[in-house]
$ cat upload.txt   # compact mmCIF, C-alpha atoms
# COMPACT_ATOMS: atom_id res chain seq x y z
CA LEU A 499 0.00 0.00 0.00
CA THR A 500 2.98 2.29 -0.59
CA ASN A 501 1.10 4.56 -2.98
CA TYR A 502 -2.27 4.22 -1.29
CA GLU A 503 -3.55 6.48 1.44
CA ILE A 504 -5.90 4.75 3.86
CA THR A 505 -8.30 7.14 5.57
CA PHE A 506 -10.55 6.17 8.46
CA GLU A 507 -13.88 7.90 8.93
CA ASP A 508 -14.73 8.89 12.50
CA GLY A 509 -17.57 6.36 12.52
CA ALA A 510 -15.16 3.58 11.56
CA VAL A 511 -12.74 4.47 14.36
CA MET A 512 -15.55 4.59 16.92
CA LYS A 513 -16.83 1.22 15.73
CA LEU A 514 -13.37 -0.30 16.14
CA ILE A 515 -13.02 1.13 19.65
CA ARG A 516 -16.48 0.27 20.93
CA GLU A 517 -17.30 -2.99 19.19
CA TYR A 518 -13.96 -4.68 18.48
CA THR A 519 -11.87 -3.74 21.52
CA SER A 520 -12.37 -3.46 25.27
CA GLU A 521 -9.20 -2.28 26.95
CA ALA A 522 -7.64 0.50 28.97
CA GLY A 523 -4.90 1.12 26.35
CA VAL A 524 -4.67 0.84 22.55
CA ARG A 525 -2.74 -2.40 21.95
CA ASN A 526 -5.73 -4.37 20.68
CA LEU A 527 -6.89 -1.36 18.67
CA GLU A 528 -3.53 -1.33 16.87
CA ARG A 529 -3.90 -5.04 16.14
CA GLU A 530 -7.38 -4.60 14.72
CA ILE A 531 -6.25 -1.72 12.50
CA ALA A 532 -3.28 -3.78 11.26
CA SER A 533 -5.56 -6.72 10.50
CA LEU A 534 -7.92 -4.44 8.62
CA CYS A 535 -5.07 -2.96 6.54
CA ARG A 536 -3.78 -6.43 5.62
CA LYS A 537 -7.21 -7.47 4.39
CA ILE A 538 -7.58 -4.26 2.39
CA ALA A 539 -4.16 -4.88 0.80
CA LYS A 540 -5.16 -8.43 -0.12
CA THR A 541 -8.36 -7.19 -1.73
CA LEU A 542 -6.49 -4.58 -3.79
CA VAL A 543 -3.97 -7.17 -5.01
CA GLU A 544 -6.71 -9.62 -5.97
CA ALA A 545 -8.50 -6.85 -7.85
CA GLY A 546 -5.32 -6.04 -9.82
CA ARG A 547 -5.10 -2.50 -8.45
CA VAL A 548 -1.78 -3.22 -6.73
CA GLU A 549 1.10 -5.45 -7.80
CA PRO A 550 2.05 -8.09 -5.23
CA LEU A 551 5.43 -7.55 -3.56
CA VAL A 552 8.41 -9.72 -4.59
CA ASN A 553 11.38 -9.42 -2.25
CA GLY A 554 9.95 -6.15 -1.01
CA HIS A 555 9.31 -4.71 -4.50
CA ALA A 556 6.27 -4.71 -6.74
CA GLY A 557 7.01 -6.76 -9.89
CA LYS A 558 10.30 -6.53 -11.86
CA LYS A 559 10.44 -2.73 -12.18
CA PRO A 560 9.46 -1.35 -8.83
CA ALA A 561 10.67 2.22 -9.50
CA ALA A 562 8.80 2.51 -12.79
CA ARG A 563 5.65 1.01 -11.34
CA ARG A 564 5.77 3.35 -8.35
CA ARG A 565 6.03 6.33 -10.71
CA LYS A 566 3.07 5.14 -12.75
CA SER A 567 0.87 4.65 -9.69
CA PRO A 568 -0.65 8.00 -8.70
CA ALA A 569 -0.08 8.93 -5.07
CA THR A 570 -3.63 10.18 -4.88
CA ASN A 571 -5.03 6.65 -4.84
CA GLY A 572 -6.73 5.95 -1.56
CA VAL A 573 -9.13 3.84 0.41
CA VAL A 574 -11.72 5.34 2.74
CA VAL A 575 -12.56 2.99 5.59
CA THR A 576 -16.17 3.28 6.70
CA ALA A 577 -18.04 1.57 9.55
CA ALA A 578 -19.60 -0.81 7.01
CA LEU A 579 -16.16 -1.69 5.64
CA VAL A 580 -14.90 -2.46 9.16
CA GLU A 581 -17.66 -4.99 9.69
CA LYS A 582 -17.15 -6.44 6.20
CA TYR A 583 -13.47 -7.26 6.85
CA LEU A 584 -13.48 -7.94 10.61
CA LYS A 585 -16.84 -9.76 10.61
CA ALA A 586 -19.32 -9.57 13.49
CA PRO A 587 -18.48 -7.22 16.40
CA ARG A 588 -17.07 -8.92 19.48
CA PHE A 589 -18.48 -6.43 21.97
CA ARG A 590 -21.90 -4.88 22.29
CA ASN A 591 -22.09 -1.14 21.80
CA ARG A 592 -24.34 0.03 24.61
CA VAL A 593 -26.86 2.73 23.78
CA GLY A 594 -29.36 4.61 25.89
CA GLU A 595 -32.80 3.15 26.45
CA GLY A 596 -34.45 5.99 24.56
CA GLU A 597 -37.62 5.99 26.66
CA ASP A 598 -38.37 6.47 30.34
CA LEU A 599 -38.13 3.27 32.34
CA LEU A 600 -40.56 1.67 34.78
CA GLY A 601 -38.96 -0.52 37.43
CA ALA A 602 -35.47 0.03 36.04
CA ALA A 603 -32.63 2.51 36.44
CA THR A 604 -29.28 3.11 34.76
CA GLY A 605 -26.18 2.92 36.92
CA LEU A 606 -22.50 3.54 36.22
CA ALA A 607 -19.81 0.98 36.92
CA TRP A 608 -16.02 0.78 36.92
CA THR A 609 -14.23 -2.16 35.28
CA SER A 610 -10.60 -3.06 34.71
CA VAL A 611 -10.89 -1.80 31.12
CA GLY A 612 -12.74 1.43 31.87
CA GLY A 613 -16.19 2.67 32.76
CA ASP A 614 -19.43 0.99 31.82
CA THR A 615 -23.16 1.29 32.35
CA LEU A 616 -25.47 -1.23 33.95
CA THR A 617 -29.23 -1.45 34.14
CA VAL A 618 -30.90 -2.56 37.35
CA GLU A 619 -34.34 -4.10 36.85
CA VAL A 620 -36.92 -4.61 39.60
CA SER A 621 -40.20 -6.49 39.46
CA ILE A 622 -42.66 -6.70 42.36
CA VAL A 623 -45.02 -9.65 41.99
CA PRO A 624 -47.44 -11.51 44.27
CA GLY A 625 -45.71 -14.18 46.31
CA THR A 626 -43.88 -14.80 49.51
CA GLU A 627 -42.37 -11.74 51.16
CA LYS A 628 -38.80 -12.33 50.06
CA LEU A 629 -36.05 -10.58 48.16
CA THR A 630 -34.74 -12.42 45.08
CA LEU A 631 -31.43 -11.33 43.54
CA THR A 632 -30.17 -12.54 40.15
CA GLY A 633 -27.41 -11.58 37.72
CA GLN A 634 -24.31 -13.01 39.44
CA LEU A 635 -24.18 -10.36 42.17
CA GLY A 636 -21.36 -10.38 44.70
CA ASP A 637 -21.83 -10.18 48.46
CA VAL A 638 -21.27 -6.42 48.66
CA MET A 639 -23.81 -5.76 45.92
CA LYS A 640 -26.36 -8.01 47.64
CA GLU A 641 -25.90 -6.06 50.85
CA SER A 642 -26.49 -2.83 48.91
CA VAL A 643 -29.85 -4.14 47.72
CA SER A 644 -30.87 -5.11 51.25
CA ALA A 645 -29.86 -1.69 52.59
CA ALA A 646 -31.81 0.07 49.82
CA VAL A 647 -34.99 -1.94 50.42
CA THR A 648 -34.80 -1.44 54.19
CA TYR A 649 -34.40 2.32 53.75
CA ILE A 650 -37.39 2.48 51.39
CA ARG A 651 -39.57 0.51 53.81
CA ALA A 652 -38.61 2.82 56.67
CA ASN A 653 -39.24 5.99 54.62
CA ALA A 654 -42.12 4.90 52.40
CA ASP A 655 -44.25 7.97 53.19
CA VAL A 656 -41.55 10.46 52.27
CA LEU A 657 -40.72 8.59 49.06
CA GLY A 658 -44.34 8.34 47.92
CA VAL A 659 -44.39 4.55 48.23
CA ALA A 660 -47.16 2.51 49.87
CA LYS A 661 -46.12 1.41 53.36
CA ASP A 662 -47.12 -2.19 52.68
CA PHE A 663 -45.71 -2.44 49.15
CA TYR A 664 -43.70 -5.49 50.19
CA LYS A 665 -46.49 -7.34 52.00
CA GLY A 666 -47.66 -10.41 50.11
CA ASN A 667 -45.18 -9.61 47.34
CA GLU A 668 -41.81 -10.84 46.14
CA ILE A 669 -39.25 -8.20 45.18
CA HIS A 670 -37.06 -9.48 42.36
CA VAL A 671 -33.91 -7.48 41.56
CA HIS A 672 -32.02 -8.41 38.39
CA VAL A 673 -28.89 -6.99 36.76
CA PRO A 674 -28.68 -8.11 33.08
CA GLU A 675 -25.74 -9.92 31.48
CA GLY A 676 -25.88 -12.68 34.05
CA ALA A 677 -22.74 -14.36 32.72
CA ILE A 678 -20.64 -11.45 34.00
CA PRO A 679 -19.95 -11.35 37.78
CA LYS A 680 -20.73 -7.98 39.40
CA ASP A 681 -19.84 -6.56 42.79
CA GLY A 682 -19.25 -3.32 44.65
CA PRO A 683 -21.31 -0.83 46.66
CA SER A 684 -21.59 1.98 44.10
CA ALA A 685 -24.86 0.67 42.61
CA GLY A 686 -26.72 1.24 45.89
CA ILE A 687 -28.50 4.39 44.71
CA THR A 688 -29.42 2.69 41.42
CA MET A 689 -30.93 -0.26 43.29
CA ALA A 690 -32.98 2.07 45.49
CA VAL A 691 -34.30 4.10 42.55
CA ALA A 692 -35.32 0.97 40.63
CA VAL A 693 -37.23 -0.36 43.67
CA ILE A 694 -38.99 2.99 44.19
CA SER A 695 -39.93 3.06 40.50
CA ALA A 696 -41.48 -0.41 40.66
CA ALA A 697 -43.24 0.19 44.00
CA ALA A 698 -44.61 3.66 43.20
CA GLN A 699 -45.10 3.02 39.45
CA ARG A 700 -43.05 6.08 38.54
CA ARG A 701 -40.94 6.15 35.40
CA VAL A 702 -37.23 6.88 35.65
CA ARG A 703 -35.79 9.38 33.18
CA SER A 704 -33.87 7.53 30.47
CA ASP A 705 -31.29 10.32 30.14
CA VAL A 706 -30.18 10.03 33.78
CA ALA A 707 -27.47 7.74 35.16
CA MET A 708 -26.28 7.51 38.75
CA THR A 709 -23.64 6.13 41.06
CA GLY A 710 -23.20 6.09 44.83
CA GLU A 711 -23.29 3.84 47.87
CA ILE A 712 -26.45 4.04 49.99
CA THR A 713 -26.78 3.69 53.76
CA LEU A 714 -29.73 2.73 55.97
CA ARG A 715 -30.29 6.44 56.58
CA GLY A 716 -30.41 7.19 52.87
CA ARG A 717 -27.03 8.91 52.74
CA ILE A 718 -25.10 8.65 49.47
CA LEU A 719 -21.44 7.86 50.09
CA PRO A 720 -18.47 8.56 47.75
CA ILE A 721 -17.29 6.10 45.12
CA GLY A 722 -14.20 5.49 42.98
CA GLY A 723 -13.55 5.52 39.24
CA LEU A 724 -15.60 8.67 38.63
CA THR A 725 -13.70 9.71 35.49
CA GLU A 726 -14.28 6.36 33.80
CA LYS A 727 -17.95 6.38 34.82
CA LEU A 728 -18.55 9.84 33.36
CA LEU A 729 -16.94 8.78 30.08
CA ALA A 730 -19.25 5.76 30.02
CA ALA A 731 -22.23 8.07 30.53
CA ARG A 732 -21.20 10.19 27.56
CA ARG A 733 -20.86 7.12 25.34
CA VAL A 734 -24.52 6.17 25.84
CA ASN A 735 -25.82 9.74 25.39
CA VAL A 736 -26.73 10.26 29.04
CA HIS A 737 -27.16 13.97 29.78
CA THR A 738 -27.57 14.00 33.57
CA VAL A 739 -25.40 12.16 36.10
CA ILE A 740 -26.14 11.89 39.83
CA ILE A 741 -22.97 11.60 41.91
CA PRO A 742 -22.20 11.67 45.67
CA LYS A 743 -21.55 15.17 47.01
CA ASP A 744 -18.27 13.98 48.50
CA ASN A 745 -16.99 13.28 44.96
CA VAL A 746 -17.27 16.92 43.84
CA LYS A 747 -13.59 17.46 44.68
CA ASP A 748 -12.68 14.86 42.03
CA LEU A 749 -14.22 16.98 39.26
CA ALA A 750 -11.54 19.66 39.67
CA ASP A 751 -8.83 17.23 38.54
CA MET A 752 -10.67 16.11 35.38
CA ALA A 753 -10.13 17.36 31.86
CA ALA A 754 -12.94 19.55 30.55
CA ALA A 755 -13.62 17.01 27.79
CA VAL A 756 -14.71 14.43 30.37
CA THR A 757 -17.59 16.51 31.74
CA GLU A 758 -18.46 18.37 28.54
CA GLY A 759 -22.17 18.10 27.76
CA LEU A 760 -23.03 16.50 31.11
CA GLU A 761 -25.20 17.97 33.83
CA ILE A 762 -23.60 16.65 37.01
CA ILE A 763 -25.78 16.79 40.13
CA PRO A 764 -24.05 16.11 43.48
CA VAL A 765 -26.34 14.78 46.23
CA ALA A 766 -25.81 13.92 49.88
CA THR A 767 -28.99 11.85 50.29
CA LEU A 768 -31.38 9.83 48.16
CA LEU A 769 -34.14 12.36 48.87
CA GLU A 770 -32.05 15.04 47.15
CA ALA A 771 -31.68 12.84 44.07
CA VAL A 772 -35.31 11.77 43.61
CA PRO A 773 -36.62 15.06 42.09
CA HIS A 774 -33.94 14.85 39.38
CA ILE A 775 -34.57 11.19 38.54
CA PHE A 776 -38.34 10.84 38.17
CA ARG A 777 -40.48 12.81 35.75
CA ASN A 778 -42.45 15.58 37.50
CA ALA A 779 -41.53 14.10 40.86
CA SER A 780 -40.52 17.31 42.60
CA ASP A 781 -44.02 18.52 43.57
CA ALA A 782 -45.15 15.02 44.53
CA LEU A 783 -42.06 14.53 46.65
CA LYS A 784 -42.56 17.82 48.47
CA ARG A 785 -46.21 16.95 49.12
CA ASP A 786 -45.36 13.47 50.39
CA ALA A 787 -42.56 14.84 52.55
CA SER A 788 -44.90 17.44 54.07
CA VAL A 789 -47.51 14.81 54.88
CA ALA A 790 -44.87 12.53 56.36
CA ARG A 791 -43.49 15.31 58.55
CA LYS A 792 -46.97 16.10 59.88
CA GLN A 793 -47.58 12.42 60.65
CA VAL A 794 -44.24 12.14 62.45
CA ALA A 795 -44.98 15.30 64.45
CA ALA A 796 -48.45 14.01 65.41
CA GLU A 797 -47.03 10.67 66.53
CA ALA A 798 -44.36 12.49 68.55
CA ARG A 799 -47.01 14.59 70.28
CA LYS A 800 -48.96 11.45 71.15
CA ARG A 801 -45.87 9.85 72.65
CA VAL A 802 -45.11 12.98 74.69
CA SER A 803 -48.72 13.14 75.90
CA ALA A 804 -48.71 9.46 76.88
CA ALA A 805 -45.41 9.88 78.70
CA THR A 806 -46.80 12.89 80.61
CA VAL A 807 -49.86 10.91 81.74
CA LYS A 808 -47.66 8.05 82.94
CA THR A 809 -45.42 10.48 84.84
CA LYS A 810 -48.39 12.08 86.61
CA SER A 811 -49.78 8.64 87.49
CA ARG A 812 -46.48 7.56 89.00
CA THR A 813 -46.18 10.82 90.96
CA GLY A 814 -49.67 10.37 92.42
CA ALA A 815 -48.88 6.79 93.40
CA ARG A 816 -45.77 7.93 95.22
CA LYS A 817 -47.72 10.55 97.21
CA GLY A 818 -50.27 7.98 98.44
CA ALA A 819 -47.69 5.36 99.26
CA THR A 820 -46.81 4.39 102.85
CA PRO A 821 -43.34 5.61 103.78
CA ALA A 822 -40.67 3.00 104.27
CA VAL A 823 -39.29 2.25 107.72
CA ASN A 824 -35.69 1.06 107.70
CA GLY A 825 -36.13 0.24 103.98
CA VAL A 826 -39.30 -1.84 104.58
CA HIS A 827 -42.81 -0.58 103.81
CA ALA A 828 -45.30 -0.79 106.72
CA ASN A 829 -48.88 -1.82 106.10
CA ARG A 830 -51.89 0.03 107.51
CA LYS A 831 -51.99 -2.15 110.64
CA GLY A 832 -48.41 -1.25 111.47
CA THR A 833 -46.96 -4.68 110.81
CA ARG A 834 -43.88 -4.94 108.67
CA LYS A 835 -43.38 -6.99 105.60

$ encode --input "upload.txt" --output "structure tokens"
Amino acid sequence: LTNYEITFEDGAVMKLIREYTSEAGVRNLEREIASLCRKIAKTLVEAGRVEPLVNGHAGKKPAARRRKSPATNGVVVTAALVEKYLKAPRFRNRVGEGEDLLGAATGLAWTSVGGDTLTVEVSIVPGTEKLTLTGQLGDVMKESVSAAVTYIRANADVLGVAKDFYKGNEIHVHVPEGAIPKDGPSAGITMAVAVISAAAQRRVRSDVAMTGEITLRGRILPIGGLTEKLLAARRVNVHTVIIPKDNVKDLADMAAAVTEGLEIIPVATLLEAVPHIFRNASDALKRDASVARKQVAAEARKRVSAATVKTKSRTGARKGATPAVNGVHANRKGTRK
């Protein structure tokens, strides 16, 4: 291909990167490009457009042939040409869902070869009151699901979820691509959002992705691999990313290209994140939170009132009690017990 210029379209390069390689560096990308160039050279030789090399030269008169071959000859590599020569893609190019999701949420994950997205699916069906987890989840991830469900049960009123959503029902949490083991705490917020969506029948915005560990109090704790996760969000056309507030300091060290086009929303609690995740959820959340606060205040007043009555009762009993003599109470007849 001495006198041929091979040009790669942007779409072809992106296809090679996303569908034929999965790595932190570029070694496999170089191999795929070399393989593609060899196959293009073979095709040109078979078509008679290029003389095959003999001892490093084309034919018997290499100099003459090189002068006759115009240097303007070229091959433009398109995405279709990549698939023609390299056959079926080896990796799936993830794309956004395109429509708002019910009972599912998009999370961000870190892998040894870079960032990735994962979808958490939740289905609540009649059955025994148990939590079913599938998708090859590790112990830490299983604990994240349990923490998320417990928090939602304890704060159902504030979150706009029925208090008894779990009664008589089985909560099934699944993370697709079951052949791939998954672990880590950073999907906690994603698990919680998917459960809320299924329980409250609210759709999750398809252009939102999230990451963060969740606690039993609904706090969102910091995570690692934020740069890789933000790049993964950009690849699938996500426009809004929910991150832990404690990770804001990491943004200062990132190149502007990483965050370009992304609306990054730092949150300290799940309650702060909910209005940004569900469609038109802000007003509903405020209303539910107001009702919940009033209920909590009313219950507190009842407890205080009941405690006051008990205190008065005990005080009255002490006043009518017979005084103790040498640590022993005397009865009305004066005998000691």

$ closest_residue --input "upload.txt" --among "A:Val620, A:Val638, A:Ala754, A:Ala731" --to "Val691 of chain A" --atoms "all atoms listed in the file"
A:Val620

$ atom_distance --input "upload.txt" --atom1 "atom CA of His672 of chain A" --atom2 "atom CA of Asn735 of chain A"
23.2 Å

$ closest_residue --input "upload.txt" --among "A:Ala677, A:Leu631, A:Ala603, A:Ile538" --to "Ile694 of chain A" --atoms "all atoms listed in the file"
A:Ala603

$ atom_distance --input "upload.txt" --atom1 "atom CA of Lys582 of chain A" --atom2 "atom CA of Gly523 of chain A"
24.8 Å

$ closest_residue --input "upload.txt" --among "A:Val746, A:Ala692, A:Ile775, A:Leu724" --to "Leu606 of chain A" --atoms "all atoms listed in the file"
A:Leu724

$ closest_residue --input "upload.txt" --among "A:Lys747, A:Arg733, A:Arg703, A:Lys727" --to "Val772 of chain A" --atoms "only C-alpha atoms"
A:Arg703

$ closest_residue --input "upload.txt" --among "A:Val611, A:Ala696, A:Val511, A:Val673" --to "Leu635 of chain A" --atoms "all atoms listed in the file"
A:Val673

$ closest_residue --input "upload.txt" --among "A:Glu761, A:Asp705, A:Glu770, A:Glu627" --to "Phe663 of chain A" --atoms "all atoms listed in the file"
A:Glu627

$ build_atoms --input "upload.txt" --residues "segment 667-682 of chain A" --atoms "N, CA and C atoms" --output "compact mmCIF listing (two decimals), in the coordinates of the input"
# COMPACT_ATOMS: atom_id res chain seq x y z
N ASN A 667 -45.85 -9.74 48.64
CA ASN A 667 -45.18 -9.61 47.34
C ASN A 667 -43.73 -10.07 47.42
N GLU A 668 -43.23 -10.50 46.28
CA GLU A 668 -41.81 -10.84 46.14
C GLU A 668 -41.12 -9.73 45.36
N ILE A 669 -40.02 -9.24 45.87
CA ILE A 669 -39.25 -8.20 45.18
C ILE A 669 -38.08 -8.87 44.47
N HIS A 670 -38.11 -8.82 43.16
CA HIS A 670 -37.06 -9.48 42.36
C HIS A 670 -36.17 -8.40 41.75
N VAL A 671 -34.90 -8.42 42.09
CA VAL A 671 -33.91 -7.48 41.56
C VAL A 671 -32.97 -8.23 40.62
N HIS A 672 -32.86 -7.73 39.39
CA HIS A 672 -32.02 -8.41 38.39
C HIS A 672 -31.11 -7.40 37.71
N VAL A 673 -29.85 -7.80 37.52
CA VAL A 673 -28.89 -6.99 36.76
C VAL A 673 -28.52 -7.80 35.52
N PRO A 674 -28.92 -7.35 34.32
CA PRO A 674 -28.68 -8.11 33.08
C PRO A 674 -27.22 -8.45 32.83
N GLU A 675 -27.04 -9.33 31.83
CA GLU A 675 -25.74 -9.92 31.48
C GLU A 675 -25.28 -10.79 32.64
N GLY A 676 -26.10 -11.79 32.91
CA GLY A 676 -25.88 -12.68 34.05
C GLY A 676 -24.60 -13.48 33.99
N ALA A 677 -23.99 -13.59 32.82
CA ALA A 677 -22.74 -14.36 32.72
C ALA A 677 -21.55 -13.59 33.28
N ILE A 678 -21.74 -12.29 33.51
CA ILE A 678 -20.64 -11.45 34.00
C ILE A 678 -20.82 -11.21 35.50
N PRO A 679 -19.85 -11.61 36.33
CA PRO A 679 -19.95 -11.35 37.78
C PRO A 679 -19.90 -9.84 38.05
N LYS A 680 -20.67 -9.41 39.05
CA LYS A 680 -20.73 -7.98 39.40
C LYS A 680 -20.64 -7.83 40.91
N ASP A 681 -19.95 -6.79 41.35
CA ASP A 681 -19.84 -6.56 42.79
C ASP A 681 -19.48 -5.10 43.02
N GLY A 682 -19.58 -4.69 44.27
CA GLY A 682 -19.25 -3.32 44.65
C GLY A 682 -20.45 -2.58 45.19
